[in-house]
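Shown next: my_file.txt, given as compact mmCIF, N, CA, C and O atoms.
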# COMPACT_ATOMS: atom_id res chain seq x y z
N MET A 11 111.81 79.92 113.96
CA MET A 11 111.95 78.76 113.11
C MET A 11 112.46 79.20 111.74
O MET A 11 111.94 80.13 111.15
N SER A 12 113.46 78.56 111.24
CA SER A 12 113.97 78.91 109.93
C SER A 12 113.09 78.29 108.86
O SER A 12 112.41 77.30 109.09
N GLY A 13 113.11 78.88 107.69
CA GLY A 13 112.30 78.35 106.60
C GLY A 13 110.87 78.82 106.60
O GLY A 13 110.06 78.35 105.82
N GLU A 14 110.54 79.75 107.48
CA GLU A 14 109.18 80.28 107.50
C GLU A 14 108.96 81.14 106.27
O GLU A 14 109.89 81.70 105.71
N PHE A 15 107.70 81.26 105.88
CA PHE A 15 107.33 82.14 104.78
C PHE A 15 106.45 83.24 105.34
O PHE A 15 105.47 82.96 106.04
N TRP A 16 106.78 84.48 105.05
CA TRP A 16 105.94 85.61 105.46
C TRP A 16 105.71 86.50 104.26
O TRP A 16 106.65 86.82 103.52
N LEU A 17 104.47 86.87 104.03
CA LEU A 17 104.14 87.75 102.93
C LEU A 17 104.83 89.10 103.11
O LEU A 17 104.82 89.66 104.21
N THR A 18 105.39 89.61 102.04
CA THR A 18 105.98 90.95 102.08
C THR A 18 104.85 91.98 102.02
O THR A 18 103.70 91.64 101.70
N ASP A 19 105.18 93.23 102.27
CA ASP A 19 104.17 94.29 102.18
C ASP A 19 103.61 94.37 100.75
O ASP A 19 102.41 94.58 100.57
N ARG A 20 104.46 94.21 99.78
CA ARG A 20 104.02 94.26 98.38
C ARG A 20 103.08 93.10 98.06
O ARG A 20 102.05 93.28 97.40
N GLN A 21 103.42 91.90 98.50
CA GLN A 21 102.57 90.74 98.27
C GLN A 21 101.22 90.91 98.97
O GLN A 21 100.17 90.62 98.41
N TRP A 22 101.26 91.37 100.22
CA TRP A 22 100.02 91.56 100.98
C TRP A 22 99.13 92.61 100.30
O TRP A 22 97.92 92.45 100.24
N ALA A 23 99.73 93.68 99.80
CA ALA A 23 98.95 94.71 99.12
C ALA A 23 98.23 94.14 97.89
O ALA A 23 97.12 94.58 97.56
N ALA A 24 98.85 93.18 97.22
CA ALA A 24 98.22 92.56 96.06
C ALA A 24 97.10 91.60 96.46
O ALA A 24 96.11 91.46 95.75
N LEU A 25 97.24 90.95 97.61
CA LEU A 25 96.26 89.95 98.04
C LEU A 25 95.09 90.53 98.81
O LEU A 25 93.96 90.05 98.68
N ALA A 26 95.33 91.53 99.63
CA ALA A 26 94.30 92.04 100.53
C ALA A 26 92.98 92.39 99.84
O ALA A 26 91.91 92.05 100.35
N PRO A 27 93.00 93.03 98.67
CA PRO A 27 91.73 93.37 98.02
C PRO A 27 90.96 92.13 97.53
O PRO A 27 89.77 92.23 97.23
N LEU A 28 91.62 91.00 97.42
CA LEU A 28 90.98 89.78 96.92
C LEU A 28 90.32 88.95 98.00
O LEU A 28 89.63 87.97 97.70
N LEU A 29 90.51 89.33 99.25
CA LEU A 29 89.94 88.56 100.36
C LEU A 29 88.43 88.69 100.39
O LEU A 29 87.89 89.78 100.19
N PRO A 30 87.73 87.58 100.64
CA PRO A 30 86.28 87.66 100.75
C PRO A 30 85.88 88.50 101.96
O PRO A 30 86.56 88.48 102.99
N THR A 31 84.80 89.24 101.84
CA THR A 31 84.31 90.05 102.95
C THR A 31 82.88 89.66 103.26
O THR A 31 82.22 88.97 102.49
N ASN A 32 82.41 90.11 104.39
CA ASN A 32 81.03 89.88 104.82
C ASN A 32 80.65 88.40 104.85
O ASN A 32 79.58 88.02 104.40
N GLU A 33 81.56 87.57 105.35
CA GLU A 33 81.26 86.15 105.46
C GLU A 33 80.61 85.87 106.81
O GLU A 33 80.97 86.49 107.81
N PRO A 34 79.66 84.93 106.85
CA PRO A 34 79.05 84.59 108.13
C PRO A 34 80.04 83.85 109.02
O PRO A 34 81.04 83.33 108.55
N GLY A 35 79.74 83.81 110.30
CA GLY A 35 80.59 83.08 111.24
C GLY A 35 81.47 84.01 112.04
O GLY A 35 81.29 85.23 112.05
N ALA A 36 82.44 83.40 112.69
CA ALA A 36 83.34 84.17 113.54
C ALA A 36 84.16 85.15 112.71
O ALA A 36 84.50 84.88 111.56
N ARG A 37 84.47 86.28 113.31
CA ARG A 37 85.28 87.29 112.63
C ARG A 37 86.70 86.76 112.43
O ARG A 37 87.30 86.21 113.35
N ARG A 38 87.21 86.93 111.22
CA ARG A 38 88.58 86.47 110.94
C ARG A 38 89.57 87.42 111.59
O ARG A 38 89.35 88.62 111.64
N VAL A 39 90.66 86.84 112.07
CA VAL A 39 91.72 87.65 112.65
C VAL A 39 93.03 87.33 111.96
O VAL A 39 93.29 86.19 111.58
N ASP A 40 93.83 88.33 111.78
CA ASP A 40 95.18 88.21 111.25
C ASP A 40 95.26 87.39 109.97
O ASP A 40 95.94 86.37 109.90
N ASP A 41 94.53 87.84 108.95
CA ASP A 41 94.54 87.15 107.66
C ASP A 41 95.95 86.98 107.10
O ASP A 41 96.26 85.95 106.51
N ARG A 42 96.78 87.98 107.27
CA ARG A 42 98.13 87.92 106.72
C ARG A 42 98.91 86.75 107.31
O ARG A 42 99.62 86.03 106.58
N ARG A 43 98.78 86.53 108.61
CA ARG A 43 99.49 85.42 109.27
C ARG A 43 98.97 84.08 108.75
O ARG A 43 99.75 83.19 108.42
N VAL A 44 97.65 83.94 108.67
CA VAL A 44 97.05 82.68 108.22
C VAL A 44 97.41 82.39 106.77
O VAL A 44 97.80 81.27 106.43
N ILE A 45 97.33 83.39 105.92
CA ILE A 45 97.67 83.19 104.50
C ILE A 45 99.15 82.87 104.35
O ILE A 45 99.53 82.03 103.53
N SER A 46 100.01 83.50 105.14
CA SER A 46 101.43 83.14 105.12
C SER A 46 101.61 81.68 105.50
O SER A 46 102.44 80.98 104.89
N GLY A 47 100.86 81.20 106.46
CA GLY A 47 100.93 79.79 106.87
C GLY A 47 100.47 78.86 105.76
O GLY A 47 101.07 77.79 105.54
N ILE A 48 99.43 79.24 105.06
CA ILE A 48 98.95 78.41 103.95
C ILE A 48 100.01 78.33 102.85
O ILE A 48 100.32 77.24 102.36
N VAL A 49 100.57 79.47 102.49
CA VAL A 49 101.62 79.46 101.46
C VAL A 49 102.82 78.65 101.93
O VAL A 49 103.40 77.88 101.16
N HIS A 50 103.18 78.77 103.20
CA HIS A 50 104.28 77.97 103.76
C HIS A 50 104.01 76.48 103.55
O HIS A 50 104.88 75.74 103.09
N MET A 51 102.79 76.04 103.87
CA MET A 51 102.46 74.62 103.74
C MET A 51 102.42 74.18 102.28
O MET A 51 102.85 73.08 101.95
N LEU A 52 101.93 75.04 101.39
CA LEU A 52 101.90 74.69 99.97
C LEU A 52 103.31 74.59 99.40
O LEU A 52 103.58 73.74 98.55
N ARG A 53 104.20 75.44 99.86
CA ARG A 53 105.59 75.41 99.37
C ARG A 53 106.38 74.24 99.92
O ARG A 53 107.22 73.67 99.24
N ASN A 54 106.12 73.89 101.19
CA ASN A 54 106.95 72.89 101.87
C ASN A 54 106.32 71.52 101.98
O ASN A 54 107.02 70.55 102.26
N GLY A 55 105.02 71.44 101.80
CA GLY A 55 104.34 70.15 101.93
C GLY A 55 104.22 69.73 103.39
O GLY A 55 104.57 70.47 104.31
N GLY A 56 103.70 68.56 103.59
CA GLY A 56 103.53 68.05 104.94
C GLY A 56 102.06 68.02 105.35
O GLY A 56 101.17 68.41 104.59
N ARG A 57 101.83 67.53 106.54
CA ARG A 57 100.46 67.46 107.07
C ARG A 57 100.06 68.82 107.60
O ARG A 57 100.86 69.51 108.23
N TRP A 58 98.82 69.20 107.37
CA TRP A 58 98.33 70.50 107.85
C TRP A 58 98.51 70.61 109.36
O TRP A 58 98.84 71.67 109.87
N GLN A 59 98.31 69.53 110.07
CA GLN A 59 98.41 69.57 111.53
C GLN A 59 99.84 69.84 112.00
O GLN A 59 100.05 70.20 113.16
N ASP A 60 100.80 69.73 111.12
CA ASP A 60 102.19 70.02 111.46
C ASP A 60 102.62 71.43 111.06
O ASP A 60 103.80 71.76 111.13
N CYS A 61 101.67 72.25 110.66
CA CYS A 61 101.99 73.64 110.31
C CYS A 61 102.59 74.33 111.54
O CYS A 61 102.09 74.18 112.66
N PRO A 62 103.67 75.08 111.37
CA PRO A 62 104.29 75.75 112.51
C PRO A 62 103.29 76.65 113.26
O PRO A 62 102.48 77.35 112.65
N ALA A 63 103.35 76.63 114.57
CA ALA A 63 102.41 77.35 115.43
C ALA A 63 102.47 78.87 115.21
O ALA A 63 101.50 79.57 115.51
N CYS A 64 103.57 79.38 114.67
CA CYS A 64 103.69 80.82 114.47
C CYS A 64 102.65 81.36 113.50
O CYS A 64 102.38 82.56 113.47
N TYR A 65 102.04 80.48 112.71
CA TYR A 65 101.02 80.91 111.75
C TYR A 65 99.60 80.84 112.32
O TYR A 65 98.66 81.24 111.65
N GLY A 66 99.46 80.33 113.51
CA GLY A 66 98.15 80.19 114.12
C GLY A 66 97.74 78.73 114.19
O GLY A 66 98.51 77.84 113.84
N PRO A 67 96.51 78.48 114.64
CA PRO A 67 96.05 77.10 114.77
C PRO A 67 96.02 76.36 113.43
O PRO A 67 95.54 76.90 112.43
N SER A 68 96.53 75.14 113.42
CA SER A 68 96.58 74.38 112.17
C SER A 68 95.18 74.14 111.60
O SER A 68 95.01 74.11 110.38
N ALA A 69 94.17 74.00 112.46
CA ALA A 69 92.80 73.81 111.96
C ALA A 69 92.33 75.05 111.19
O ALA A 69 91.66 74.93 110.16
N THR A 70 92.70 76.22 111.66
CA THR A 70 92.35 77.46 110.96
C THR A 70 93.04 77.52 109.61
O THR A 70 92.42 77.87 108.60
N ILE A 71 94.30 77.16 109.58
CA ILE A 71 95.08 77.17 108.34
C ILE A 71 94.42 76.24 107.32
O ILE A 71 94.16 76.63 106.18
N TYR A 72 94.14 75.03 107.75
CA TYR A 72 93.52 74.05 106.84
C TYR A 72 92.13 74.49 106.40
O TYR A 72 91.80 74.46 105.21
N ASN A 73 91.29 74.89 107.35
CA ASN A 73 89.91 75.24 107.02
C ASN A 73 89.84 76.41 106.05
O ASN A 73 89.04 76.41 105.11
N ARG A 74 90.67 77.41 106.26
CA ARG A 74 90.67 78.57 105.36
C ARG A 74 91.08 78.13 103.96
O ARG A 74 90.45 78.51 102.97
N TYR A 75 92.12 77.33 103.86
CA TYR A 75 92.56 76.86 102.55
C TYR A 75 91.45 76.03 101.89
O TYR A 75 91.11 76.24 100.73
N HIS A 76 90.89 75.10 102.61
CA HIS A 76 89.88 74.19 102.06
C HIS A 76 88.63 74.94 101.60
O HIS A 76 88.14 74.73 100.49
N ARG A 77 88.12 75.83 102.44
CA ARG A 77 86.90 76.57 102.09
C ARG A 77 87.12 77.49 100.89
O ARG A 77 86.29 77.55 99.99
N TRP A 78 88.22 78.19 100.90
CA TRP A 78 88.48 79.12 99.81
C TRP A 78 88.84 78.39 98.52
O TRP A 78 88.57 78.89 97.43
N SER A 79 89.44 77.21 98.62
CA SER A 79 89.74 76.43 97.41
C SER A 79 88.45 76.01 96.73
O SER A 79 88.34 76.10 95.50
N GLY A 80 87.48 75.55 97.51
CA GLY A 80 86.22 75.12 96.95
C GLY A 80 85.47 76.24 96.25
O GLY A 80 84.66 76.00 95.34
N ARG A 81 85.73 77.46 96.64
CA ARG A 81 85.06 78.63 96.05
C ARG A 81 85.89 79.28 94.94
O ARG A 81 85.48 80.29 94.37
N GLY A 82 87.08 78.75 94.67
CA GLY A 82 87.92 79.28 93.60
C GLY A 82 88.69 80.54 93.97
O GLY A 82 89.28 81.17 93.10
N ILE A 83 88.70 80.90 95.23
CA ILE A 83 89.36 82.13 95.66
C ILE A 83 90.88 82.01 95.55
O ILE A 83 91.55 82.97 95.16
N TRP A 84 91.42 80.85 95.83
CA TRP A 84 92.87 80.69 95.82
C TRP A 84 93.49 80.86 94.45
O TRP A 84 94.61 81.34 94.33
N ALA A 85 92.79 80.48 93.41
CA ALA A 85 93.35 80.61 92.06
C ALA A 85 93.73 82.07 91.78
O ALA A 85 94.84 82.35 91.32
N GLY A 86 92.82 82.99 92.07
CA GLY A 86 93.10 84.41 91.85
C GLY A 86 94.16 84.94 92.78
O GLY A 86 95.01 85.74 92.39
N MET A 87 94.11 84.49 94.04
CA MET A 87 95.08 84.99 95.01
C MET A 87 96.49 84.52 94.67
O MET A 87 97.44 85.29 94.78
N LEU A 88 96.64 83.27 94.28
CA LEU A 88 97.97 82.77 93.96
C LEU A 88 98.51 83.42 92.68
O LEU A 88 99.71 83.69 92.59
N ALA A 89 97.65 83.69 91.72
CA ALA A 89 98.09 84.41 90.52
C ALA A 89 98.57 85.81 90.89
O ALA A 89 99.61 86.27 90.40
N ALA A 90 97.85 86.49 91.78
CA ALA A 90 98.25 87.83 92.22
C ALA A 90 99.56 87.76 92.99
O ALA A 90 100.41 88.65 92.87
N LEU A 91 99.74 86.71 93.77
CA LEU A 91 100.97 86.55 94.55
C LEU A 91 102.17 86.37 93.63
O LEU A 91 103.23 86.97 93.85
N VAL A 92 102.01 85.60 92.59
CA VAL A 92 103.10 85.40 91.62
C VAL A 92 103.48 86.73 90.97
O VAL A 92 104.65 87.07 90.84
N GLU A 93 102.47 87.51 90.58
CA GLU A 93 102.74 88.80 89.94
C GLU A 93 103.42 89.78 90.88
O GLU A 93 104.22 90.61 90.46
N ALA A 94 103.10 89.69 92.18
CA ALA A 94 103.66 90.64 93.15
C ALA A 94 105.03 90.22 93.67
O ALA A 94 105.66 90.98 94.40
N THR A 95 105.48 89.04 93.31
CA THR A 95 106.74 88.52 93.81
C THR A 95 107.85 88.76 92.80
O THR A 95 107.77 88.26 91.67
N PRO A 96 108.86 89.54 93.17
CA PRO A 96 109.97 89.77 92.24
C PRO A 96 110.61 88.45 91.82
O PRO A 96 110.86 87.58 92.65
N GLY A 97 110.82 88.29 90.53
CA GLY A 97 111.41 87.07 90.02
C GLY A 97 110.45 85.90 90.01
O GLY A 97 110.83 84.77 89.73
N GLY A 98 109.17 86.14 90.41
CA GLY A 98 108.18 85.08 90.53
C GLY A 98 107.62 84.69 89.24
O GLY A 98 107.14 83.72 88.88
Could you express the structure from this file as structure tokens?
Amino acid sequence: MSGEFWLTDRQWAALAPLLPTNEPGARRVDDRRVISGIVHMLRNGGRWQDCPACYGPSATIYNRYHRWSGRGIWAGMLAALVEATPGG
């Protein structure tokens, strides 16, 4: 699919240390894919349920964004993403 967003190695290196650890519940898988999907949806808009399947289940994309937003995690992650993005 054209127009997909994927975190670069540099961007991922800036974000990975900011991810919450030791959270209860199911073990998270492929954080980089899910976070790329969230950024894709934030950049392009649309309904969460219409998130491209290449990023994983749309419910996972939405739930991760919603839970982390409520805890203030996204503010720091997005600031780090801007700093790690050339020309950002």
I'd like the neighbourhood of region 60-72 of chain A as a PyMOL selection string, where a residue qualifies if any of its atoms comes within 9 Å (using only C-alpha atoms), though same-chain residues fewer than 3 positions away should be ignored. chain A and resi 11+14+43-48+50-51+56-57+75-77
Could you list, as JSON, numbers by chain, every residue within 8 Å of region 16-21 of chain A, counting only N, CA, C and O atoms and ignoring same-chain residues fewer than 4 positions away? {"A": [25, 26, 27, 42, 43, 45, 46, 47, 49, 50, 87, 90, 91, 92, 93, 94, 95, 96]}
Quote the spacing between CA of Trp22 (chain A) and atom C of Trp84 (chain A) in Å to one decimal place.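 The value is 14.1 Å.
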What are the centre and edge lengths in Å, to one decimal, of the axis-aligned box around all listed atoms of region 39-49 of chain A with 5 Å added on each side, as JSON?
{"center_x": 97.0, "center_y": 82.8, "center_z": 106.9, "size_x": 22.7, "size_y": 21.1, "size_z": 21.5}
One decimal, in Å: what's the spacing between CA of Gly97 (chain A) and CA of Trp78 (chain A)?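 Separation between CA of Gly97 (chain A) and CA of Trp78 (chain A): 26.2 Å.
Across the structure, atom N of Trp58 (chain A) and atom C of Ile83 (chain A) are spaced 19.2 Å apart.
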